[in-house]
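The structure appears right after this line, and notes come after that.
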Amino acid sequence: MATDTTLPAAATEDRHETSLHALVREAERQLIICNACRYCEGLCAVFPALERRTVLGTGDVLQLANLCHDCRACYDACMYAPPHEFAINPPAILSAARLQSYQRYLWPRRVPRLFRGRIGVFTGMVLATIFCIAIAWVTSGPEALFRGPANGAYSPYEVIPYEPFFLMGLLPAVFAAVITYLAGRAYWREIGGRPAGAGRVVPLLKAIWHSMALTNQRGGGADCHYPRDDKPSPARRRLHITLVAGYGLCVVSTLSAAFLQDILHIDPPYPVLSVPVLSGTLGGIGITIGCIGLVMLKKDSSEATSVAEMNIKDYGLLSALFFLATTGLFTLMVRATAAYPLVLVIHMASVMLFTAMAPYSKLIHAVFRFQALVRDEMEAAAEQARRR
């Protein structure tokens, strides 16, 4: 396994089965040595899970890869890391395997070139914005995009009526949910599903706690070796939690607005001190802070334990979330001005694009990682039951 920021040479020839096979073989080589050494068995959940395996297939490697939170403590502790001839580098090989898993279970596996990378984001954003402008033009007339608010703050339904506005949010969400469900089901089957003799409720609750607290990002307890491999820091874990909390508050904002509108029949716009506005504002600020902080950390992260294509996915997701949050905050800031219709259209386009493309972005890691945590807790519970 190379210790620079590229995938192994064998993994660059074919992005699907050939590359995955090469990664599995290299991961198996490295992890067999790790299993014999066991110096890192107390650092995170990966190594106890590794000890429960004597043979490593594709599903096992992808389970361990998504169970890994990239804390990099094992690399700092390893006596066989490069330049040793064993060249043990679990963070890099498991990151490369994770990257393959993000594509392996999605449909279609390869998004058309026009919609990939920076060009894809630009193309998608332009098309989504044109679509939103067209909907507003057809349903409310061209004047809705240029006139100022009639009385105080704008209602979004003055620009796009409720029914098309609702469908513009719902259809991308349904598409993303179906693709994500199919990908998650395929991944769950690949890693073996529910182990025989394992319970359901307790492992699920434990997995929820571990995913919320990011316990596996603590390494051996001294926090993440990120961005520097030789110095643990809590910065990445705290910024990650800030970002996720911000995203959660934005979900609260959406749900509370739906409750006010559809249950209590109180239509927008809502006052500044209302739950939808307060939670949305705090959520947007949290996402913005988290994104900026994580980008700064990633910029300084070690190349020895990084994979270039994974970095691209990270930057892509953080950039998309940052744009989503800032356009949302800007929409709130200008809702009593003539700029509101155009800003709302751009924000709505970003929401549609982000939602529809979420399964094809790094965001899919949340699904696979949670499933890996559930599977790991089930394995541990089944092992304890057998020992009794």
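Residue numbers start at 1 in each chain; chains themselves are named A, B, ... in the order of the structure tokens; ligands are numbered from 1 in the order shown.
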message = So that I can see what lies close to stretch 294-304 of chain A, please list as a PyMOL selection string the residues with an atom at most 10 Å from it, counting only C-alpha atoms and leaving out residues fewer than 2 positions away in the same chain.
response = chain A and resi 2-6+72+75+82+89+91-92+225-230+235-240+243+289-292+306-308+311+314-315+318-319
File dump, residues just selected, C-alpha atoms, as a CSV table (one decimal), in the first residue's frame:
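Result file follows (result-v5.csv):
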chain,number,residue,atom,x,y,z
A,2,ALA,CA,1.4,3.3,-1.0
A,3,THR,CA,1.6,5.9,1.7
A,4,ASP,CA,1.0,8.9,-0.5
A,5,THR,CA,-2.4,10.4,-1.3
A,6,THR,CA,-3.2,8.1,-4.2
A,72,ARG,CA,-5.4,7.5,12.7
A,75,TYR,CA,-0.8,4.6,12.4
A,82,PRO,CA,6.3,2.9,6.6
A,89,ASN,CA,-1.1,1.8,7.1
A,91,PRO,CA,-6.1,4.5,7.8
A,92,ALA,CA,-5.1,4.7,4.1
A,225,HIS,CA,-4.7,12.1,15.4
A,226,TYR,CA,-5.9,14.6,12.9
A,227,PRO,CA,-4.7,16.7,11.1
A,228,ARG,CA,-1.3,15.7,12.5
A,229,ASP,CA,-0.6,12.0,12.8
A,230,ASP,CA,1.7,12.5,15.8
A,235,ALA,CA,-11.0,19.6,17.1
A,236,ARG,CA,-12.2,17.2,14.4
A,237,ARG,CA,-14.7,15.4,16.6
A,238,ARG,CA,-16.1,18.7,18.0
A,239,LEU,CA,-16.4,20.3,14.6
A,240,HIS,CA,-18.1,17.2,13.3
A,243,LEU,CA,-21.9,20.4,11.9
A,289,ILE,CA,-18.8,26.9,11.5
A,290,GLY,CA,-18.4,23.1,11.2
A,291,CYS,CA,-17.7,23.2,7.4
A,292,ILE,CA,-15.1,26.0,7.7
A,306,SER,CA,-4.9,10.3,3.4
A,307,VAL,CA,-6.4,9.1,0.0
A,308,ALA,CA,-6.7,11.8,-2.6
A,311,ASN,CA,-10.2,14.2,0.2
A,314,ASP,CA,-14.8,15.4,1.7
A,315,TYR,CA,-14.2,18.9,0.2
A,318,LEU,CA,-18.3,20.3,3.0
A,319,SER,CA,-18.6,22.9,0.1
request  = Using only C-alpha atoms, determine which residues lie at most 12 Å from A:Asn66, disregarding the query and same-chain residues fewer than 3 positions distant; provide the list as a PyMOL selection string.
outcome  = chain A and resi 45-46+49+59-63+69-70+91+93-102+187-188+191+211+216+364-376
Looking only at alpha helix (DSSP H) from DSSP on the backbone, list the matching residues of stretch 157-331 of chain A as a compact mmCIF listing (two decimals) with N, CA and C atoms, in the first residue's frame.
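In the end it all went to states-v3.txt:
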# COMPACT_ATOMS: atom_id res chain seq x y z
N TYR A 162 -47.71 26.88 -2.80
CA TYR A 162 -47.45 25.78 -1.88
C TYR A 162 -47.30 24.43 -2.58
N GLU A 163 -48.22 24.08 -3.47
CA GLU A 163 -48.21 22.74 -4.06
C GLU A 163 -46.92 22.45 -4.84
N PRO A 164 -46.53 23.31 -5.81
CA PRO A 164 -45.25 23.03 -6.48
C PRO A 164 -44.04 23.15 -5.55
N PHE A 165 -44.12 24.06 -4.58
CA PHE A 165 -43.03 24.20 -3.60
C PHE A 165 -42.84 22.90 -2.82
N PHE A 166 -43.97 22.32 -2.40
CA PHE A 166 -43.93 21.06 -1.66
C PHE A 166 -43.37 19.93 -2.52
N LEU A 167 -43.81 19.83 -3.76
CA LEU A 167 -43.34 18.77 -4.64
C LEU A 167 -41.85 18.93 -4.97
N MET A 168 -41.39 20.17 -5.08
CA MET A 168 -39.97 20.42 -5.38
C MET A 168 -39.07 19.93 -4.25
N GLY A 169 -39.60 19.93 -3.03
CA GLY A 169 -38.83 19.37 -1.92
C GLY A 169 -39.03 17.88 -1.76
N LEU A 170 -40.25 17.41 -2.07
CA LEU A 170 -40.58 16.01 -1.82
C LEU A 170 -39.94 15.05 -2.83
N LEU A 171 -40.02 15.36 -4.11
CA LEU A 171 -39.57 14.41 -5.13
C LEU A 171 -38.07 14.09 -5.04
N PRO A 172 -37.18 15.09 -4.89
CA PRO A 172 -35.77 14.74 -4.70
C PRO A 172 -35.54 13.91 -3.43
N ALA A 173 -36.32 14.21 -2.37
CA ALA A 173 -36.17 13.47 -1.12
C ALA A 173 -36.58 12.01 -1.29
N VAL A 174 -37.67 11.77 -2.01
CA VAL A 174 -38.12 10.40 -2.25
C VAL A 174 -37.09 9.64 -3.09
N PHE A 175 -36.58 10.29 -4.13
CA PHE A 175 -35.55 9.66 -4.97
C PHE A 175 -34.33 9.28 -4.14
N ALA A 176 -33.85 10.24 -3.32
CA ALA A 176 -32.67 9.98 -2.48
C ALA A 176 -32.94 8.87 -1.48
N ALA A 177 -34.15 8.85 -0.90
CA ALA A 177 -34.49 7.84 0.09
C ALA A 177 -34.49 6.45 -0.53
N VAL A 178 -35.03 6.32 -1.74
CA VAL A 178 -35.08 5.01 -2.41
C VAL A 178 -33.67 4.52 -2.74
N ILE A 179 -32.85 5.39 -3.32
CA ILE A 179 -31.48 5.01 -3.67
C ILE A 179 -30.69 4.64 -2.42
N THR A 180 -30.86 5.43 -1.35
CA THR A 180 -30.14 5.17 -0.10
C THR A 180 -30.59 3.85 0.52
N TYR A 181 -31.90 3.59 0.51
CA TYR A 181 -32.41 2.34 1.07
C TYR A 181 -31.85 1.13 0.32
N LEU A 182 -31.86 1.18 -1.01
CA LEU A 182 -31.34 0.06 -1.79
C LEU A 182 -29.85 -0.14 -1.55
N ALA A 183 -29.10 0.96 -1.45
CA ALA A 183 -27.67 0.87 -1.18
C ALA A 183 -27.41 0.29 0.21
N GLY A 184 -28.17 0.78 1.20
CA GLY A 184 -28.01 0.27 2.56
C GLY A 184 -28.37 -1.20 2.68
N ARG A 185 -29.41 -1.62 1.98
CA ARG A 185 -29.81 -3.03 2.02
C ARG A 185 -28.72 -3.91 1.40
N ALA A 186 -28.16 -3.46 0.27
CA ALA A 186 -27.11 -4.23 -0.38
C ALA A 186 -25.86 -4.31 0.49
N TYR A 187 -25.51 -3.21 1.14
CA TYR A 187 -24.34 -3.21 2.02
C TYR A 187 -24.57 -4.12 3.23
N TRP A 188 -25.76 -4.07 3.81
CA TRP A 188 -26.07 -4.90 4.98
C TRP A 188 -25.94 -6.39 4.63
N ARG A 189 -26.39 -6.75 3.44
CA ARG A 189 -26.27 -8.14 3.01
C ARG A 189 -24.81 -8.52 2.79
N GLU A 190 -24.04 -7.59 2.23
CA GLU A 190 -22.62 -7.87 1.95
C GLU A 190 -21.85 -8.13 3.23
N VAL A 201 -32.42 -4.68 19.90
CA VAL A 201 -32.67 -3.37 20.51
C VAL A 201 -31.42 -2.78 21.14
N VAL A 202 -30.76 -3.55 22.01
CA VAL A 202 -29.59 -3.02 22.73
C VAL A 202 -28.47 -2.65 21.76
N PRO A 203 -28.09 -3.52 20.80
CA PRO A 203 -27.07 -3.11 19.83
C PRO A 203 -27.45 -1.86 19.04
N LEU A 204 -28.73 -1.74 18.71
CA LEU A 204 -29.17 -0.55 17.97
C LEU A 204 -29.00 0.71 18.81
N LEU A 205 -29.39 0.65 20.08
CA LEU A 205 -29.25 1.81 20.96
C LEU A 205 -27.78 2.18 21.16
N LYS A 206 -26.94 1.16 21.33
CA LYS A 206 -25.51 1.42 21.49
C LYS A 206 -24.93 2.06 20.23
N ALA A 207 -25.35 1.58 19.07
CA ALA A 207 -24.85 2.13 17.82
C ALA A 207 -25.28 3.59 17.65
N ILE A 208 -26.51 3.89 18.06
CA ILE A 208 -26.98 5.28 18.01
C ILE A 208 -26.11 6.17 18.89
N TRP A 209 -25.80 5.71 20.10
CA TRP A 209 -24.95 6.48 21.00
C TRP A 209 -23.56 6.69 20.41
N HIS A 210 -22.95 5.61 19.90
CA HIS A 210 -21.60 5.72 19.34
C HIS A 210 -21.57 6.65 18.13
N SER A 211 -22.63 6.63 17.32
CA SER A 211 -22.65 7.50 16.14
C SER A 211 -22.84 8.95 16.53
N MET A 212 -23.60 9.21 17.60
CA MET A 212 -23.82 10.60 18.05
C MET A 212 -22.60 11.16 18.79
N ALA A 213 -21.99 10.33 19.62
CA ALA A 213 -20.86 10.79 20.43
C ALA A 213 -19.52 10.65 19.72
N ALA A 235 -10.36 18.58 18.01
CA ALA A 235 -10.96 19.57 17.11
C ALA A 235 -11.87 18.92 16.07
N ARG A 236 -11.42 17.86 15.42
CA ARG A 236 -12.21 17.24 14.37
C ARG A 236 -13.53 16.70 14.91
N ARG A 237 -13.47 16.01 16.04
CA ARG A 237 -14.69 15.43 16.62
C ARG A 237 -15.67 16.54 17.00
N ARG A 238 -15.18 17.61 17.62
CA ARG A 238 -16.06 18.71 18.04
C ARG A 238 -16.68 19.43 16.85
N LEU A 239 -15.89 19.65 15.81
CA LEU A 239 -16.41 20.31 14.62
C LEU A 239 -17.43 19.43 13.91
N HIS A 240 -17.17 18.13 13.88
CA HIS A 240 -18.11 17.20 13.27
C HIS A 240 -19.44 17.21 14.02
N ILE A 241 -19.37 17.21 15.35
CA ILE A 241 -20.60 17.25 16.16
C ILE A 241 -21.33 18.57 15.95
N THR A 242 -20.58 19.68 15.84
CA THR A 242 -21.19 20.98 15.58
C THR A 242 -21.93 20.98 14.25
N LEU A 243 -21.32 20.41 13.23
CA LEU A 243 -21.94 20.35 11.91
C LEU A 243 -23.21 19.51 11.94
N VAL A 244 -23.12 18.32 12.54
CA VAL A 244 -24.29 17.43 12.59
C VAL A 244 -25.41 18.05 13.43
N ALA A 245 -25.05 18.69 14.54
CA ALA A 245 -26.06 19.37 15.36
C ALA A 245 -26.73 20.48 14.58
N GLY A 246 -25.94 21.21 13.80
CA GLY A 246 -26.50 22.27 12.96
C GLY A 246 -27.46 21.70 11.93
N TYR A 247 -27.10 20.60 11.32
CA TYR A 247 -27.97 19.96 10.34
C TYR A 247 -29.26 19.49 11.02
N GLY A 248 -29.12 18.93 12.24
CA GLY A 248 -30.29 18.50 12.99
C GLY A 248 -31.22 19.65 13.31
N LEU A 249 -30.67 20.82 13.65
CA LEU A 249 -31.50 21.99 13.93
C LEU A 249 -32.24 22.46 12.68
N CYS A 250 -31.60 22.32 11.52
CA CYS A 250 -32.28 22.68 10.28
C CYS A 250 -33.45 21.74 10.01
N VAL A 251 -33.27 20.46 10.36
CA VAL A 251 -34.39 19.51 10.24
C VAL A 251 -35.52 19.91 11.20
N VAL A 252 -35.15 20.31 12.42
CA VAL A 252 -36.15 20.78 13.39
C VAL A 252 -36.89 22.00 12.84
N SER A 253 -36.16 22.89 12.19
CA SER A 253 -36.77 24.08 11.61
C SER A 253 -37.82 23.70 10.56
N THR A 254 -37.46 22.76 9.70
CA THR A 254 -38.38 22.33 8.65
C THR A 254 -39.62 21.65 9.24
N LEU A 255 -39.40 20.75 10.21
CA LEU A 255 -40.53 20.02 10.81
C LEU A 255 -41.43 20.96 11.62
N SER A 256 -40.84 21.90 12.35
CA SER A 256 -41.66 22.82 13.15
C SER A 256 -42.46 23.76 12.25
N ALA A 257 -41.87 24.16 11.12
CA ALA A 257 -42.60 24.99 10.17
C ALA A 257 -43.77 24.22 9.58
N ALA A 258 -43.53 22.93 9.27
CA ALA A 258 -44.62 22.09 8.76
C ALA A 258 -45.73 21.94 9.79
N VAL A 275 -39.84 29.12 16.58
CA VAL A 275 -39.00 27.91 16.54
C VAL A 275 -38.40 27.69 15.15
N PRO A 276 -39.19 27.81 14.06
CA PRO A 276 -38.57 27.57 12.74
C PRO A 276 -37.42 28.51 12.42
N VAL A 277 -37.59 29.79 12.75
CA VAL A 277 -36.55 30.77 12.41
C VAL A 277 -35.33 30.62 13.33
N LEU A 278 -35.57 30.47 14.63
CA LEU A 278 -34.45 30.35 15.56
C LEU A 278 -33.64 29.08 15.29
N SER A 279 -34.32 27.94 15.15
CA SER A 279 -33.60 26.69 14.93
C SER A 279 -32.91 26.69 13.58
N GLY A 280 -33.55 27.27 12.56
CA GLY A 280 -32.92 27.33 11.25
C GLY A 280 -31.69 28.23 11.24
N THR A 281 -31.78 29.35 11.96
CA THR A 281 -30.64 30.27 12.03
C THR A 281 -29.47 29.62 12.77
N LEU A 282 -29.75 29.05 13.94
CA LEU A 282 -28.68 28.40 14.71
C LEU A 282 -28.12 27.21 13.94
N GLY A 283 -28.99 26.48 13.25
CA GLY A 283 -28.53 25.34 12.46
C GLY A 283 -27.63 25.78 11.33
N GLY A 284 -28.02 26.84 10.62
CA GLY A 284 -27.18 27.34 9.53
C GLY A 284 -25.83 27.82 10.02
N ILE A 285 -25.81 28.47 11.17
CA ILE A 285 -24.54 28.94 11.75
C ILE A 285 -23.68 27.74 12.15
N GLY A 286 -24.30 26.72 12.76
CA GLY A 286 -23.55 25.53 13.15
C GLY A 286 -22.93 24.83 11.96
N ILE A 287 -23.70 24.68 10.88
CA ILE A 287 -23.18 24.04 9.67
C ILE A 287 -22.02 24.85 9.10
N THR A 288 -22.18 26.17 9.07
CA THR A 288 -21.14 27.03 8.51
C THR A 288 -19.84 26.92 9.31
N ILE A 289 -19.95 26.98 10.63
CA ILE A 289 -18.76 26.86 11.48
C ILE A 289 -18.11 25.50 11.30
N GLY A 290 -18.92 24.44 11.31
CA GLY A 290 -18.39 23.09 11.15
C GLY A 290 -17.68 22.90 9.83
N CYS A 291 -18.28 23.41 8.75
CA CYS A 291 -17.68 23.25 7.43
C CYS A 291 -16.35 23.99 7.31
N ILE A 292 -16.33 25.23 7.76
CA ILE A 292 -15.09 26.02 7.68
C ILE A 292 -13.99 25.36 8.50
N GLY A 293 -14.33 24.95 9.72
CA GLY A 293 -13.33 24.32 10.58
C GLY A 293 -12.80 23.02 10.01
N LEU A 294 -13.67 22.17 9.49
CA LEU A 294 -13.23 20.88 8.94
C LEU A 294 -12.40 21.06 7.68
N VAL A 295 -12.75 22.05 6.86
CA VAL A 295 -11.93 22.32 5.67
C VAL A 295 -10.52 22.77 6.07
N MET A 296 -10.43 23.62 7.08
CA MET A 296 -9.12 24.08 7.54
C MET A 296 -8.29 22.92 8.09
N LEU A 297 -8.92 22.01 8.84
CA LEU A 297 -8.20 20.84 9.34
C LEU A 297 -7.75 19.94 8.20
N LYS A 298 -8.63 19.71 7.25
CA LYS A 298 -8.31 18.81 6.14
C LYS A 298 -7.17 19.37 5.30
N LYS A 299 -7.15 20.69 5.16
CA LYS A 299 -6.09 21.32 4.38
C LYS A 299 -4.71 21.01 4.96
N ALA A 308 -6.33 10.63 -1.88
CA ALA A 308 -6.67 11.85 -2.61
C ALA A 308 -8.14 11.90 -3.00
N GLU A 309 -8.68 10.79 -3.50
CA GLU A 309 -10.07 10.79 -3.95
C GLU A 309 -11.04 10.96 -2.78
N MET A 310 -10.67 10.46 -1.61
CA MET A 310 -11.51 10.66 -0.44
C MET A 310 -11.49 12.13 -0.02
N ASN A 311 -10.32 12.77 -0.12
CA ASN A 311 -10.24 14.20 0.18
C ASN A 311 -11.16 15.01 -0.74
N ILE A 312 -11.21 14.62 -2.02
CA ILE A 312 -12.07 15.33 -2.97
C ILE A 312 -13.53 15.20 -2.55
N LYS A 313 -13.93 13.99 -2.14
CA LYS A 313 -15.31 13.79 -1.68
C LYS A 313 -15.60 14.61 -0.42
N ASP A 314 -14.64 14.65 0.49
CA ASP A 314 -14.80 15.44 1.70
C ASP A 314 -15.00 16.92 1.38
N TYR A 315 -14.12 17.45 0.55
CA TYR A 315 -14.24 18.86 0.17
C TYR A 315 -15.56 19.13 -0.55
N GLY A 316 -15.98 18.19 -1.39
CA GLY A 316 -17.22 18.36 -2.13
C GLY A 316 -18.42 18.45 -1.20
N LEU A 317 -18.50 17.54 -0.21
CA LEU A 317 -19.62 17.54 0.72
C LEU A 317 -19.61 18.80 1.58
N LEU A 318 -18.44 19.16 2.10
CA LEU A 318 -18.35 20.34 2.96
C LEU A 318 -18.70 21.62 2.19
N SER A 319 -18.28 21.70 0.93
CA SER A 319 -18.61 22.87 0.11
C SER A 319 -20.11 22.95 -0.14
N ALA A 320 -20.73 21.79 -0.43
CA ALA A 320 -22.17 21.77 -0.68
C ALA A 320 -22.95 22.17 0.56
N LEU A 321 -22.56 21.64 1.72
CA LEU A 321 -23.25 21.99 2.96
C LEU A 321 -23.06 23.47 3.29
N PHE A 322 -21.86 23.98 3.05
CA PHE A 322 -21.59 25.40 3.31
C PHE A 322 -22.48 26.28 2.42
N PHE A 323 -22.58 25.93 1.16
CA PHE A 323 -23.41 26.72 0.24
C PHE A 323 -24.87 26.63 0.64
N LEU A 324 -25.31 25.45 1.03
CA LEU A 324 -26.70 25.25 1.47
C LEU A 324 -27.01 26.11 2.69
N ALA A 325 -26.09 26.10 3.67
CA ALA A 325 -26.31 26.86 4.90
C ALA A 325 -26.27 28.36 4.66
N THR A 326 -25.30 28.83 3.90
CA THR A 326 -25.16 30.28 3.69
C THR A 326 -26.30 30.84 2.84
N THR A 327 -26.76 30.09 1.83
CA THR A 327 -27.90 30.58 1.06
C THR A 327 -29.17 30.59 1.91
N GLY A 328 -29.29 29.62 2.82
CA GLY A 328 -30.43 29.62 3.73
C GLY A 328 -30.41 30.81 4.67
N LEU A 329 -29.23 31.11 5.23
CA LEU A 329 -29.11 32.27 6.12
C LEU A 329 -29.35 33.58 5.36
N PHE A 330 -28.84 33.64 4.14
CA PHE A 330 -29.02 34.85 3.33
C PHE A 330 -30.49 35.04 2.96
N THR A 331 -31.19 33.93 2.71
CA THR A 331 -32.63 34.01 2.43
C THR A 331 -33.38 34.65 3.59
request  = Could you tell me how far atom CA of A:Phe146 lies from atom CA of A:His347, in Å and to one decimal?
outcome  =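 Atom-to-atom, atom CA of A:Phe146 and atom CA of A:His347 are spaced 16.3 Å apart.
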message = Neighbouring residues of stretch 131-145 of chain A were defined as those with any atom within 9 Å, considering only C-alpha atoms; residues of the same chain fewer than 5 positions away were excluded. Please report them as a PyMOL selection string.
response = chain A and resi 126+157-161+164-165+168+338-342+345-346+348-349
query = From the list A:Gly120, A:Pro156, A:Pro90, A:Gly193, which residue is nearest A:Leu50 when using only C-alpha atoms?
reply =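 The answer is A:Pro90, which sits nearest to A:Leu50.
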inquiry  = With only C-alpha atoms as the counted atoms, please give the residues lying no more than 12 Å from A:Asn35, apart from itself and same-chain residues fewer than 4 positions off, as number ranges by chain.
reply    = A: 27-31, 39-41, 46-56, 88, 90
Store the residues picked out above, limited to N, CA and C atoms, as a compact mmCIF listing (two decimals), in the first residue's frame.
# COMPACT_ATOMS: atom_id res chain seq x y z
N ALA A 27 -5.71 -5.07 1.95
CA ALA A 27 -6.23 -4.90 3.31
C ALA A 27 -6.06 -6.20 4.10
N GLU A 28 -6.31 -7.33 3.46
CA GLU A 28 -6.15 -8.62 4.13
C GLU A 28 -4.70 -8.82 4.56
N ARG A 29 -3.75 -8.47 3.68
CA ARG A 29 -2.33 -8.60 4.03
C ARG A 29 -1.99 -7.78 5.26
N GLN A 30 -2.42 -6.52 5.26
CA GLN A 30 -2.08 -5.65 6.36
C GLN A 30 -2.78 -6.07 7.66
N LEU A 31 -4.07 -6.40 7.55
CA LEU A 31 -4.84 -6.69 8.75
C LEU A 31 -4.48 -8.04 9.37
N TYR A 39 -1.34 -4.91 18.99
CA TYR A 39 -0.89 -3.80 19.83
C TYR A 39 -1.96 -2.71 19.92
N CYS A 40 -2.80 -2.61 18.88
CA CYS A 40 -3.80 -1.54 18.81
C CYS A 40 -5.19 -1.98 19.23
N GLU A 41 -5.31 -3.14 19.88
CA GLU A 41 -6.64 -3.70 20.13
C GLU A 41 -7.51 -2.81 21.02
N VAL A 46 -12.43 -1.18 15.59
CA VAL A 46 -11.96 -1.95 14.43
C VAL A 46 -11.18 -3.18 14.86
N PHE A 47 -10.30 -3.03 15.84
CA PHE A 47 -9.39 -4.13 16.18
C PHE A 47 -10.06 -5.26 16.96
N PRO A 48 -10.97 -4.99 17.90
CA PRO A 48 -11.74 -6.10 18.46
C PRO A 48 -12.58 -6.82 17.40
N ALA A 49 -13.13 -6.05 16.44
CA ALA A 49 -13.89 -6.68 15.36
C ALA A 49 -12.98 -7.52 14.48
N LEU A 50 -11.77 -7.06 14.26
CA LEU A 50 -10.79 -7.82 13.49
C LEU A 50 -10.43 -9.12 14.18
N GLU A 51 -10.30 -9.09 15.50
CA GLU A 51 -9.94 -10.29 16.24
C GLU A 51 -11.01 -11.37 16.16
N ARG A 52 -12.25 -10.97 15.90
CA ARG A 52 -13.32 -11.96 15.77
C ARG A 52 -13.31 -12.65 14.42
N ARG A 53 -12.38 -12.27 13.54
CA ARG A 53 -12.33 -12.83 12.19
C ARG A 53 -10.99 -13.54 11.97
N THR A 54 -11.07 -14.70 11.39
CA THR A 54 -9.85 -15.43 11.01
C THR A 54 -9.62 -15.38 9.51
N VAL A 55 -10.69 -15.16 8.75
CA VAL A 55 -10.61 -15.03 7.30
C VAL A 55 -11.29 -13.73 6.92
N LEU A 56 -10.69 -12.99 6.02
CA LEU A 56 -11.23 -11.69 5.62
C LEU A 56 -11.71 -11.74 4.17
N ILE A 88 2.56 -1.06 7.00
CA ILE A 88 1.22 -1.14 7.56
C ILE A 88 0.64 0.27 7.68
N PRO A 90 -3.26 1.15 8.12
CA PRO A 90 -4.71 0.92 8.11
C PRO A 90 -5.55 2.14 7.74
